[in-house]
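Everything below belongs to my_file_28.cif, which stores mmCIF, C-alpha atoms and all ligand atoms.
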```cif
data_final
#
loop_
_atom_site.label_atom_id
_atom_site.label_comp_id
_atom_site.auth_asym_id
_atom_site.auth_seq_id
_atom_site.Cartn_x
_atom_site.Cartn_y
_atom_site.Cartn_z
CA MET A 73 54.35 -25.82 -51.03
CA LYS A 74 57.11 -24.01 -49.18
CA ILE A 75 59.83 -26.59 -48.82
CA LEU A 76 63.36 -25.62 -47.78
CA PRO A 77 65.79 -25.80 -50.74
CA GLU A 78 68.21 -27.98 -48.70
CA ILE A 79 65.42 -30.48 -48.11
CA LYS A 80 64.30 -30.38 -51.74
CA GLU A 81 67.88 -31.23 -52.70
CA MET A 82 67.67 -34.40 -50.62
CA HIS A 83 64.73 -35.75 -52.64
CA ASP A 84 66.71 -38.26 -54.74
CA GLU A 85 68.62 -39.49 -51.74
CA LEU A 86 65.45 -39.92 -49.67
CA THR A 87 63.78 -41.76 -52.55
CA GLU A 88 66.74 -44.11 -52.82
CA TRP A 89 66.58 -44.85 -49.06
CA ARG A 90 62.83 -45.44 -49.27
CA HIS A 91 63.19 -47.89 -52.14
CA ARG A 92 65.94 -49.74 -50.31
CA ILE A 93 63.74 -50.19 -47.23
CA HIS A 94 60.73 -51.09 -49.39
CA GLN A 95 62.69 -53.91 -51.05
CA HIS A 96 63.52 -55.46 -47.68
CA PRO A 97 60.36 -55.39 -45.57
CA GLU A 98 60.61 -56.77 -42.03
CA THR A 99 57.70 -57.47 -39.69
CA ALA A 100 57.16 -57.10 -35.94
CA PHE A 101 60.31 -57.14 -33.80
CA GLU A 102 62.38 -58.46 -36.70
CA GLU A 103 63.34 -55.06 -38.14
CA TYR A 104 67.07 -55.93 -37.90
CA ARG A 105 68.19 -54.74 -41.29
CA THR A 106 65.94 -51.67 -41.20
CA SER A 107 67.11 -50.64 -37.72
CA ASP A 108 70.75 -51.19 -38.79
CA PHE A 109 70.13 -48.81 -41.69
CA VAL A 110 68.43 -46.24 -39.46
CA ALA A 111 71.17 -46.40 -36.80
CA GLU A 112 73.91 -46.17 -39.41
CA LYS A 113 72.33 -43.11 -41.01
CA LEU A 114 71.74 -41.34 -37.68
CA GLU A 115 75.36 -41.98 -36.66
CA SER A 116 76.59 -40.66 -39.98
CA PHE A 117 74.70 -37.40 -39.27
CA GLY A 118 76.52 -37.14 -35.92
CA ILE A 119 73.45 -38.09 -33.87
CA GLU A 120 73.84 -40.16 -30.68
CA VAL A 121 72.16 -43.54 -31.14
CA HIS A 122 70.64 -45.96 -28.63
CA ARG A 123 69.39 -49.37 -29.74
CA GLY A 124 67.46 -52.27 -28.27
CA LEU A 125 64.34 -50.72 -26.70
CA GLY A 126 61.47 -52.89 -27.91
CA LYS A 127 64.09 -55.30 -29.28
CA THR A 128 64.76 -53.49 -32.59
CA GLY A 129 63.81 -49.91 -31.65
CA VAL A 130 66.24 -47.06 -32.32
CA VAL A 131 66.38 -43.71 -30.50
CA GLY A 132 68.52 -40.87 -31.81
CA THR A 133 69.27 -37.88 -29.58
CA LEU A 134 70.31 -34.49 -30.92
CA THR A 135 70.94 -31.60 -28.51
CA GLN A 136 71.59 -28.02 -29.50
CA GLY A 137 72.10 -24.92 -27.38
CA SER A 138 71.48 -24.70 -23.66
CA GLY A 139 67.71 -25.16 -23.49
CA ASN A 140 66.35 -28.05 -21.44
CA ARG A 141 63.20 -28.59 -23.46
CA ALA A 142 62.87 -31.86 -25.38
CA ILE A 143 60.50 -33.29 -27.97
CA GLY A 144 60.04 -36.78 -29.40
CA LEU A 145 59.40 -37.39 -33.09
CA ARG A 146 58.28 -40.93 -33.83
CA ALA A 147 58.25 -43.09 -36.97
CA ASP A 148 57.32 -46.76 -37.32
CA MET A 149 59.59 -49.20 -39.21
CA ASP A 150 57.61 -52.44 -39.62
CA ALA A 151 56.06 -54.04 -42.70
CA LEU A 152 53.03 -56.32 -43.15
CA ASP A 153 52.55 -60.04 -43.77
CA LEU A 154 51.20 -59.39 -47.25
CA GLN A 155 52.25 -60.54 -50.73
CA GLU A 156 53.10 -57.47 -52.83
CA LEU A 157 51.52 -57.39 -56.30
CA ASN A 158 53.43 -54.35 -57.60
CA GLU A 159 55.94 -54.98 -60.34
CA PHE A 160 58.17 -51.92 -60.17
CA ASP A 161 61.89 -52.29 -59.54
CA HIS A 162 61.74 -51.46 -55.85
CA ARG A 163 59.05 -54.10 -55.08
CA SER A 164 59.50 -56.37 -52.08
CA GLN A 165 62.24 -58.97 -52.41
CA ILE A 166 60.76 -60.99 -49.55
CA ASP A 167 57.91 -63.39 -50.29
CA GLY A 168 54.80 -62.71 -48.24
CA LYS A 169 56.08 -59.49 -46.70
CA MET A 170 55.47 -55.97 -47.88
CA HIS A 171 55.65 -52.35 -46.80
CA GLY A 172 51.91 -52.04 -47.40
CA CYS A 173 51.26 -49.31 -44.83
CA GLY A 174 53.97 -46.84 -45.85
CA HIS A 175 56.11 -47.20 -42.73
CA ASP A 176 59.11 -47.25 -45.12
CA GLY A 177 58.15 -43.67 -46.04
CA HIS A 178 57.58 -42.69 -42.40
CA THR A 179 61.07 -43.95 -41.50
CA VAL A 180 62.69 -42.03 -44.34
CA MET A 181 60.83 -38.75 -43.70
CA LEU A 182 62.11 -38.80 -40.11
CA LEU A 183 65.63 -39.70 -41.26
CA GLY A 184 65.51 -36.76 -43.70
CA ALA A 185 64.49 -34.43 -40.87
CA ALA A 186 67.28 -35.82 -38.67
CA LYS A 187 69.84 -35.17 -41.38
CA HIS A 188 68.66 -31.61 -41.90
CA LEU A 189 68.38 -30.74 -38.19
CA ALA A 190 71.85 -32.14 -37.50
CA GLN A 191 73.23 -29.76 -40.12
CA SER A 192 71.08 -26.65 -39.67
CA LYS A 193 70.95 -26.77 -35.85
CA ASN A 194 68.25 -24.13 -35.98
CA PHE A 195 66.71 -25.02 -32.60
CA ASP A 196 67.46 -24.92 -28.92
CA GLY A 197 66.94 -28.05 -26.83
CA THR A 198 66.83 -31.80 -27.49
CA VAL A 199 65.16 -33.76 -30.27
CA ARG A 200 64.60 -37.50 -29.81
CA PHE A 201 64.15 -39.40 -33.06
CA ILE A 202 62.13 -42.47 -32.07
CA PHE A 203 62.05 -45.33 -34.59
CA GLN A 204 59.73 -48.01 -33.28
CA PRO A 205 59.17 -51.64 -34.28
CA ALA A 206 55.94 -53.59 -34.64
CA GLU A 207 53.29 -50.92 -35.02
CA GLU A 208 51.02 -53.45 -36.77
CA ASN A 209 49.11 -55.91 -34.56
CA VAL A 210 51.39 -56.08 -31.54
CA ALA A 211 51.97 -52.48 -30.40
CA GLY A 212 55.77 -52.27 -30.38
CA GLY A 213 55.61 -48.65 -29.21
CA ARG A 214 54.08 -49.86 -25.97
CA VAL A 215 56.99 -52.28 -25.56
CA MET A 216 59.50 -49.44 -26.04
CA ILE A 217 57.71 -47.50 -23.29
CA ALA A 218 57.75 -50.56 -21.00
CA ASP A 219 61.48 -50.88 -21.71
CA GLY A 220 61.97 -47.35 -20.36
CA LEU A 221 61.71 -45.10 -23.44
CA PHE A 222 60.56 -41.95 -21.65
CA ASP A 223 62.59 -42.63 -18.48
CA MET A 224 65.82 -42.94 -20.43
CA PHE A 225 64.91 -40.33 -23.03
CA PRO A 226 62.63 -37.75 -21.40
CA VAL A 227 60.51 -35.53 -23.64
CA ASP A 228 57.94 -32.81 -22.91
CA SER A 229 55.77 -33.79 -25.86
CA VAL A 230 55.70 -36.40 -28.61
CA TYR A 231 54.56 -36.34 -32.23
CA GLY A 232 53.61 -38.93 -34.85
CA MET A 233 52.62 -38.90 -38.53
CA HIS A 234 50.92 -41.36 -40.91
CA ASN A 235 50.38 -41.18 -44.64
CA MET A 236 46.79 -40.96 -45.90
CA PRO A 237 45.99 -42.30 -49.38
CA GLY A 238 43.11 -40.86 -51.39
CA HIS A 239 43.91 -37.25 -50.56
CA GLN A 240 45.69 -34.68 -52.69
CA VAL A 241 49.46 -34.34 -52.26
CA GLY A 242 50.36 -31.22 -50.30
CA THR A 243 47.63 -31.53 -47.68
CA PHE A 244 47.45 -32.60 -44.03
CA ALA A 245 44.59 -33.67 -41.80
CA VAL A 246 44.34 -33.66 -38.02
CA CYS A 247 41.93 -33.00 -35.18
CA LYS A 248 42.03 -32.27 -31.46
CA GLY A 249 40.90 -35.04 -29.13
CA PRO A 250 40.45 -38.62 -30.35
CA ILE A 251 41.64 -39.15 -33.94
CA MET A 252 41.73 -42.96 -33.85
CA ALA A 253 39.95 -45.51 -31.71
CA SER A 254 41.07 -48.08 -29.17
CA ALA A 255 41.52 -51.62 -30.48
CA ASP A 256 40.94 -54.31 -27.89
CA PHE A 257 40.78 -58.03 -28.57
CA PHE A 258 38.62 -60.52 -26.70
CA GLU A 259 38.17 -64.26 -26.45
CA ALA A 260 35.31 -66.14 -24.80
CA ARG A 261 35.32 -69.90 -24.31
CA ILE A 262 31.84 -71.31 -23.69
CA ILE A 263 32.22 -74.63 -21.92
CA GLY A 264 29.15 -76.87 -22.12
CA ASN A 265 28.78 -80.61 -22.13
CA GLY A 266 29.13 -82.40 -25.46
CA GLY A 267 26.89 -85.20 -26.67
CA HIS A 268 24.91 -86.81 -29.50
CA GLY A 269 23.25 -84.37 -31.87
CA ALA A 270 20.01 -86.33 -31.57
CA PHE A 271 19.92 -86.12 -27.74
CA PRO A 272 20.32 -82.42 -26.89
CA HIS A 273 18.54 -82.93 -23.53
CA LEU A 274 21.51 -85.03 -22.38
CA ALA A 275 24.05 -82.34 -23.34
CA THR A 276 24.65 -78.65 -22.57
CA ASP A 277 24.95 -77.16 -26.04
CA PRO A 278 27.64 -74.40 -26.20
CA VAL A 279 26.68 -73.58 -29.82
CA VAL A 280 23.24 -72.29 -28.85
CA ILE A 281 24.65 -70.48 -25.80
CA ALA A 282 27.44 -68.85 -27.86
CA SER A 283 24.87 -67.71 -30.44
CA GLU A 284 22.84 -66.01 -27.72
CA ILE A 285 25.98 -64.31 -26.39
CA VAL A 286 26.96 -62.98 -29.84
CA LEU A 287 23.56 -61.34 -30.25
CA ALA A 288 23.40 -60.02 -26.68
CA TRP A 289 26.83 -58.38 -27.07
CA GLN A 290 25.42 -56.30 -29.95
CA ASN A 291 23.02 -54.75 -27.46
CA ILE A 292 25.99 -53.14 -25.70
CA VAL A 293 26.47 -50.77 -28.64
CA SER A 294 22.77 -50.16 -29.23
CA ARG A 295 21.60 -50.01 -25.57
CA ASN A 296 24.51 -49.30 -23.22
CA VAL A 297 26.65 -46.82 -25.18
CA ASP A 298 25.43 -43.22 -25.14
CA PRO A 299 23.96 -42.67 -28.63
CA LEU A 300 26.23 -39.64 -29.03
CA GLN A 301 29.33 -41.77 -28.42
CA SER A 302 30.85 -44.30 -30.82
CA ALA A 303 31.72 -47.96 -30.31
CA VAL A 304 32.10 -51.21 -32.24
CA VAL A 305 31.79 -54.79 -30.99
CA THR A 306 32.78 -57.26 -33.73
CA VAL A 307 32.76 -61.02 -33.24
CA ALA A 308 35.12 -62.07 -36.01
CA GLN A 309 35.53 -65.79 -35.29
CA ILE A 310 33.28 -68.58 -34.04
CA ASN A 311 34.98 -71.93 -33.60
CA GLY A 312 33.29 -75.08 -32.38
CA GLY A 313 32.32 -78.56 -33.44
CA HIS A 314 33.79 -80.83 -36.09
CA THR A 315 30.93 -82.87 -37.54
CA GLY A 316 27.17 -82.79 -38.17
CA ASN A 317 25.82 -85.04 -35.43
CA VAL A 318 27.93 -84.19 -32.39
CA ILE A 319 27.23 -81.37 -29.96
CA PRO A 320 30.71 -80.04 -29.15
CA ALA A 321 31.97 -79.58 -25.61
CA ASP A 322 33.02 -75.98 -26.17
CA VAL A 323 32.84 -73.03 -28.54
CA VAL A 324 35.33 -70.16 -28.80
CA LEU A 325 34.35 -66.62 -29.82
CA LYS A 326 37.00 -64.08 -30.81
CA GLY A 327 36.86 -60.51 -31.99
CA THR A 328 37.67 -56.87 -31.51
CA THR A 329 36.09 -53.78 -29.96
CA ARG A 330 36.64 -50.10 -30.76
CA ALA A 331 35.91 -46.90 -28.83
CA PHE A 332 37.19 -43.33 -28.53
CA ASP A 333 36.42 -42.78 -24.86
CA PRO A 334 38.33 -44.79 -22.22
CA GLN A 335 35.15 -44.91 -20.10
CA VAL A 336 33.22 -46.48 -22.96
CA GLN A 337 36.09 -48.95 -23.33
CA ASP A 338 35.80 -49.89 -19.62
CA MET A 339 32.05 -50.29 -19.90
CA ILE A 340 32.33 -52.52 -23.00
CA GLU A 341 34.77 -54.84 -21.26
CA SER A 342 32.70 -55.21 -18.13
CA ARG A 343 29.37 -55.64 -19.98
CA MET A 344 30.85 -58.23 -22.36
CA ARG A 345 32.14 -60.27 -19.42
CA GLN A 346 28.88 -59.95 -17.48
CA ILE A 347 26.80 -61.02 -20.51
CA ALA A 348 29.03 -63.99 -21.42
CA VAL A 349 29.25 -65.31 -17.86
CA GLY A 350 25.57 -64.60 -17.11
CA ILE A 351 24.14 -66.23 -20.22
CA ALA A 352 26.41 -69.26 -19.90
CA GLU A 353 25.41 -69.71 -16.27
CA ALA A 354 21.72 -69.33 -17.04
CA HIS A 355 22.06 -72.34 -19.35
CA GLY A 356 24.15 -74.44 -16.98
CA ALA A 357 27.41 -73.82 -18.84
CA LYS A 358 30.54 -71.80 -18.05
CA ALA A 359 32.20 -68.92 -19.86
CA GLU A 360 35.87 -67.94 -19.62
CA PHE A 361 36.42 -64.41 -20.85
CA THR A 362 39.70 -62.62 -21.59
CA TYR A 363 40.02 -59.04 -22.82
CA ASP A 364 43.31 -57.62 -24.12
CA ARG A 365 43.68 -53.82 -24.28
CA ARG A 366 46.11 -53.71 -27.14
CA TYR A 367 45.73 -50.17 -28.51
CA ALA A 368 44.47 -47.19 -26.53
CA PRO A 369 42.45 -44.47 -28.26
CA THR A 370 44.81 -42.00 -30.00
CA ILE A 371 43.98 -38.69 -28.32
CA ASN A 372 45.61 -35.45 -29.53
CA THR A 373 46.12 -32.78 -26.87
CA PRO A 374 44.97 -29.24 -27.81
CA ASP A 375 48.15 -27.13 -27.45
CA GLU A 376 50.38 -29.65 -29.23
CA THR A 377 47.79 -30.03 -32.01
CA ASP A 378 47.86 -26.25 -32.46
CA GLU A 379 51.66 -26.47 -32.94
CA ALA A 380 51.27 -29.29 -35.48
CA ILE A 381 48.60 -27.34 -37.38
CA ALA A 382 50.75 -24.19 -37.39
CA ALA A 383 53.79 -26.10 -38.71
CA ALA A 384 51.70 -27.72 -41.48
CA ILE A 385 50.10 -24.38 -42.45
CA GLU A 386 53.56 -22.83 -42.85
CA LEU A 387 54.29 -25.49 -45.48
CA VAL A 388 51.02 -25.90 -47.38
CA GLY A 389 48.93 -22.88 -46.41
CA ASP A 390 45.73 -22.69 -44.40
CA ALA A 391 43.58 -24.34 -47.07
CA GLY A 392 45.93 -27.33 -47.18
CA VAL A 393 45.29 -28.35 -43.57
CA ASN A 394 42.04 -30.03 -42.53
CA LYS A 395 41.96 -29.14 -38.83
CA GLU A 396 38.81 -31.08 -37.98
CA VAL A 397 39.19 -34.39 -39.76
CA THR A 398 36.58 -37.00 -38.82
CA PRO A 399 38.17 -39.61 -36.53
CA VAL A 400 38.23 -43.24 -37.71
CA MET A 401 37.66 -46.53 -35.86
CA GLY A 402 41.10 -47.83 -36.90
CA ALA A 403 43.82 -47.85 -34.25
CA GLU A 404 47.44 -46.83 -33.90
CA ASP A 405 49.94 -47.76 -31.23
CA PHE A 406 51.27 -44.18 -31.07
CA SER A 407 48.30 -43.94 -28.68
CA TRP A 408 50.48 -45.43 -25.92
CA MET A 409 53.03 -42.63 -26.33
CA LEU A 410 50.19 -40.09 -26.16
CA LYS A 411 49.05 -41.69 -22.90
CA GLU A 412 52.49 -40.92 -21.46
CA ARG A 413 53.08 -37.46 -22.91
CA PRO A 414 51.02 -34.71 -24.59
CA GLY A 415 51.36 -34.62 -28.34
CA CYS A 416 49.77 -34.89 -31.75
CA TYR A 417 49.33 -37.49 -34.47
CA ILE A 418 48.83 -35.98 -37.93
CA MET A 419 47.97 -37.39 -41.37
CA ILE A 420 49.95 -36.43 -44.47
CA ALA A 421 48.19 -36.98 -47.82
CA ASN A 422 49.72 -39.72 -49.97
CA GLY A 423 48.04 -38.64 -53.22
CA SER A 424 44.77 -39.33 -54.96
CA GLY A 425 45.87 -39.98 -58.54
CA GLU A 426 45.18 -42.98 -60.72
CA GLY A 427 46.49 -46.20 -59.24
CA SER A 428 46.62 -44.80 -55.71
CA CYS A 429 45.18 -47.35 -53.36
CA HIS A 430 44.58 -47.66 -49.69
CA VAL A 431 47.09 -48.91 -47.14
CA HIS A 432 47.19 -52.71 -46.63
CA ASN A 433 46.31 -53.20 -50.31
CA PRO A 434 48.80 -55.44 -52.21
CA ASN A 435 49.21 -52.70 -54.83
CA TYR A 436 49.81 -49.87 -52.38
CA ASP A 437 53.05 -47.89 -52.45
CA PHE A 438 54.19 -44.91 -50.39
CA ASN A 439 54.35 -41.81 -52.58
CA ASP A 440 57.97 -40.61 -52.88
CA GLU A 441 56.73 -37.19 -53.97
CA ILE A 442 55.79 -36.36 -50.35
CA LEU A 443 59.12 -37.35 -48.74
CA PRO A 444 60.53 -33.77 -48.65
CA LEU A 445 57.22 -32.33 -47.38
CA GLY A 446 57.06 -34.85 -44.54
CA ALA A 447 60.71 -34.27 -43.62
CA ASN A 448 60.14 -30.51 -43.69
CA TYR A 449 57.06 -30.86 -41.46
CA TRP A 450 59.23 -32.49 -38.77
CA VAL A 451 61.84 -29.76 -39.17
CA ARG A 452 59.32 -26.91 -38.92
CA LEU A 453 57.62 -28.51 -35.94
CA THR A 454 60.94 -28.87 -34.14
CA GLU A 455 62.03 -25.32 -34.93
CA ARG A 456 58.68 -23.93 -33.78
CA ILE A 457 58.56 -25.81 -30.48
CA LEU A 458 62.26 -25.62 -29.65
CA THR A 459 62.47 -22.08 -30.90
CA GLN A 460 65.73 -20.29 -30.22
CA ASP A 461 63.88 -17.05 -29.37
CA ALA A 462 62.47 -18.50 -26.15
CA ASN A 463 65.81 -18.37 -24.36
ZN ZN B 1 48.91 -50.47 -41.19
ZN ZN B 2 50.51 -47.81 -40.64
#
```

Output the file's structure as structure tokens, nothing else.
Ligand SMILES: [Zn+2]
Ligand SMILES: [Zn+2]
Amino acid sequence: MKILPEIKEMHDELTEWRHRIHQHPETAFEEYRTSDFVAEKLESFGIEVHRGLGKTGVVGTLTQGSGNRAIGLRADMDALDLQELNEFDHRSQIDGKMHGCGHDGHTVMLLGAAKHLAQSKNFDGTVRFIFQPAEENVAGGRVMIADGLFDMFPVDSVYGMHNMPGHQVGTFAVCKGPIMASADFFEARIIGNGGHGAFPHLATDPVVIASEIVLAWQNIVSRNVDPLQSAVVTVAQINGGHTGNVIPADVVLKGTTRAFDPQVQDMIESRMRQIAVGIAEAHGAKAEFTYDRRYAPTINTPDETDEAIAAAIELVGDAGVNKEVTPVMGAEDFSWMLKERPGCYIMIANGSGEGSCHVHNPNYDFNDEILPLGANYWVRLTERILTQDAN
């Protein structure tokens, strides 16, 4: 691994920052302490700080030279509602909350890059360091955009990075096009007519109707989606009734859908609604259907992905970069930033040794060994794109 000596020297400091953030995990839109820490560090590096986009979001701006090009580098700051089972000294001090997805590490890698770039100034243009809240569940990045992120802080392209457990330290993985899926959430309320369990002919049974809808929705994936495309329709909750001899008045179905192609996403929504309303009507009931597009598919644009690949190769060599990683049906709210600007979302390996476990596991921990590599990736990417030679 070719890591700059100045960044290697920061390793202990970065590790200390990471442990500090890990001990004090904060969840969606409550990243007060974390954003204070981030803002304080950025200011101490001489970087201009703006706070309050997406409630707790922080944007640092660093300009060098006379170039008018600008890039955005984004890290997420939020933790999970999860009880940590690790027993090391830097374990979570907050009951029921944990940095179980490594966003503590993401925050620190970007802070490390900010510190280095503010000192080395080996670029020409503007870097925006975007620290976003609430990546998990509620898409805080989207809220930052709605609050004016790219209007107030224009960028030509935007980049994100996530750690990837189960892969050897010193490797990266990325692909052009979709790398993660959309994640939409739906709710259908089937409104029938309740009654005695022994007299179904006097009722309109929403349980039977809901069951038919659940099965018919599965046909969307098997019969409506092009077999060469991918999609998931998962009904994750069925709620209705409260006792054994009463037909309830309504049943609620909730779940999630996934797709890589926005057209498939549109089709899933319209078919789900049509099926729910149609089947309910056919049985003399009613269906209310809501569909929430919470995470768009994360789609990497080709030129920006080439830059990301080139920066990673400079650090870990050609063999260390998987350039055609298989996309996954998980989702990421960096997708909303990629809908606004071209860019690339890359995975950095978190290690595959004994005891390494997947994100969202109560024994997970971000691997401090990769902090300098991640920070150096941001630095190389910035220096490549905002190269001084171009002017
Ligand atoms: Zn996560
Ligand atoms: Zn995550």

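Taking only C-alpha atoms and all ligand atoms into account, the protein and nucleic acid residues that come at most 8 Å from ligand ZN 2 (chain B) are Asp148, Cys173, Gly174, His175, Glu207, Glu208, His234, Asn235, Glu404 and Val431 of chain A.
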
May I have the protein, DNA and RNA residues with an atom at most 6 Å from (36.8, -76.3, -28.6), counting all atoms listed in the file in the file's coordinates, returned as a ChimeraX atom specification?
/A:312,322-323

Go through A:Lys127, A:His122, A:His314, A:Arg343 and flag the residue nearest Arg295 in chain A, using all atoms listed in the file for the distances.
A:Arg343

Within 12 Å of ligand ZN 1 (chain B), counting all atoms listed in the file: which residues, as a VMD selection string?
chain A and resid 99 to 100 148 to 154 170 to 176 178 206 to 211 234 to 237 402 to 405 430 to 433 436 438

Box along x, y and z, 4 Å on every side, all listed atoms of range 332-339 of chain A inside: centre and edge lengths in Å to one decimal, as JSON.
```
{"center_x": 35.2, "center_y": -46.5, "center_z": -24.1, "size_x": 14.3, "size_y": 15.5, "size_z": 16.9}
```

Name the residues in contact with Lys74 in chain A at a cut-off of 8 Å, using only C-alpha atoms, excluding same-chain residues fewer than 2 positions from it; report them as number ranges by chain.
A: 76, 386-388

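Within 7 Å of Arg141 in chain A, once all atoms listed in the file are used and residues closer than 6 positions along the same chain are dropped, the contacting residues are Gly197, Thr198, Asp228 and Leu458 of chain A.
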
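Checking A:Asn439, A:Thr243, A:Ser164, A:Thr133 one by one against Lys395 in chain A, counting only C-alpha atoms, you find the shortest gap at A:Thr243.
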
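Residues in contact with Phe406 in chain A at up to 8 Å, not including ones fewer than 6 positions away on its chain and judged by only C-alpha atoms, are Gly213, Gly232, Thr370 and Tyr417 of chain A.
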
Selected residues written out, C-alpha atoms, as a PDB file, in the frame of the given file:
```pdb
ATOM      1  CA  GLY A 213      55.610 -48.650 -29.210  1.00  0.00           C
ATOM      2  CA  GLY A 232      53.610 -38.930 -34.850  1.00  0.00           C
ATOM      3  CA  THR A 370      44.810 -42.000 -30.000  1.00  0.00           C
ATOM      4  CA  TYR A 417      49.330 -37.490 -34.470  1.00  0.00           C
TER       5      TYR A 417
END
```

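Note that the spacing between CA of Asp196 in chain A and CA of Arg456 in chain A amounts to 10.1 Å.
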
Nearest to Leu445 in chain A by atom-to-atom distance, counting all atoms listed in the file, from A:Ser192, A:Ser407, A:Gly137, A:Val180
A:Val180

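Here CA of Asp277 in chain A is placed at a distance of 22.7 Å from CA of Thr306 in chain A.
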
Can I get the residues of range 180-279 of chain A within 8 Å of range 142-146 of chain A, each with the closest pair of atoms and their distance in Å to one decimal, using only C-alpha atoms, sorted chain first then ascending number, as a Markdown table?
```
| residue | atom | partner | partner_atom | distance |
| --- | --- | --- | --- | --- |
| A:Leu182 | CA | A:Leu145 | CA | 7.7 |
| A:Gly197 | CA | A:Ala142 | CA | 5.8 |
| A:Thr198 | CA | A:Ala142 | CA | 4.5 |
| A:Val199 | CA | A:Ile143 | CA | 5.2 |
| A:Arg200 | CA | A:Gly144 | CA | 4.6 |
| A:Phe201 | CA | A:Leu145 | CA | 5.2 |
| A:Ile202 | CA | A:Arg146 | CA | 4.5 |
| A:Phe203 | CA | A:Arg146 | CA | 5.8 |
| A:Gln204 | CA | A:Arg146 | CA | 7.2 |
| A:Pro226 | CA | A:Ala142 | CA | 7.1 |
| A:Val227 | CA | A:Ala142 | CA | 4.7 |
| A:Asp228 | CA | A:Ala142 | CA | 5.6 |
| A:Ser229 | CA | A:Ile143 | CA | 5.2 |
| A:Val230 | CA | A:Gly144 | CA | 4.4 |
| A:Tyr231 | CA | A:Leu145 | CA | 5.0 |
| A:Gly232 | CA | A:Arg146 | CA | 5.2 |
| A:Met233 | CA | A:Arg146 | CA | 7.6 |
```

Between A:Gln191, A:Gln346, A:Gln335, A:Asn140, smallest distance to Ala359 in chain A by all atoms listed in the file belongs to A:Gln346

One number please: CA of Pro369 in chain A to CA of Leu125 in chain A, in Å, one decimal.
22.8 Å

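The protein and nucleic acid residues lying at most 6 Å from Val397 in chain A are A:Ala245, A:Val246, A:Cys247, with all atoms listed in the file considered and sequence neighbours fewer than 4 positions away removed.
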
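Of the listed residues A:Thr87, A:Asn265, A:Asn422, A:Thr459, the one whose atoms come nearest to Gly238 in chain A is A:Asn422, with distances taken using only C-alpha atoms.
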
Please return, as an MDAnalysis selection string, all polymer residues that have at least one atom within 10 Å of the point (67.5, -51.5, -31.2); use all atoms listed in the file and the file's own coordinate frame.
chainID A and resid 101 103:104 107:108 110:111 121:131 203:205 216
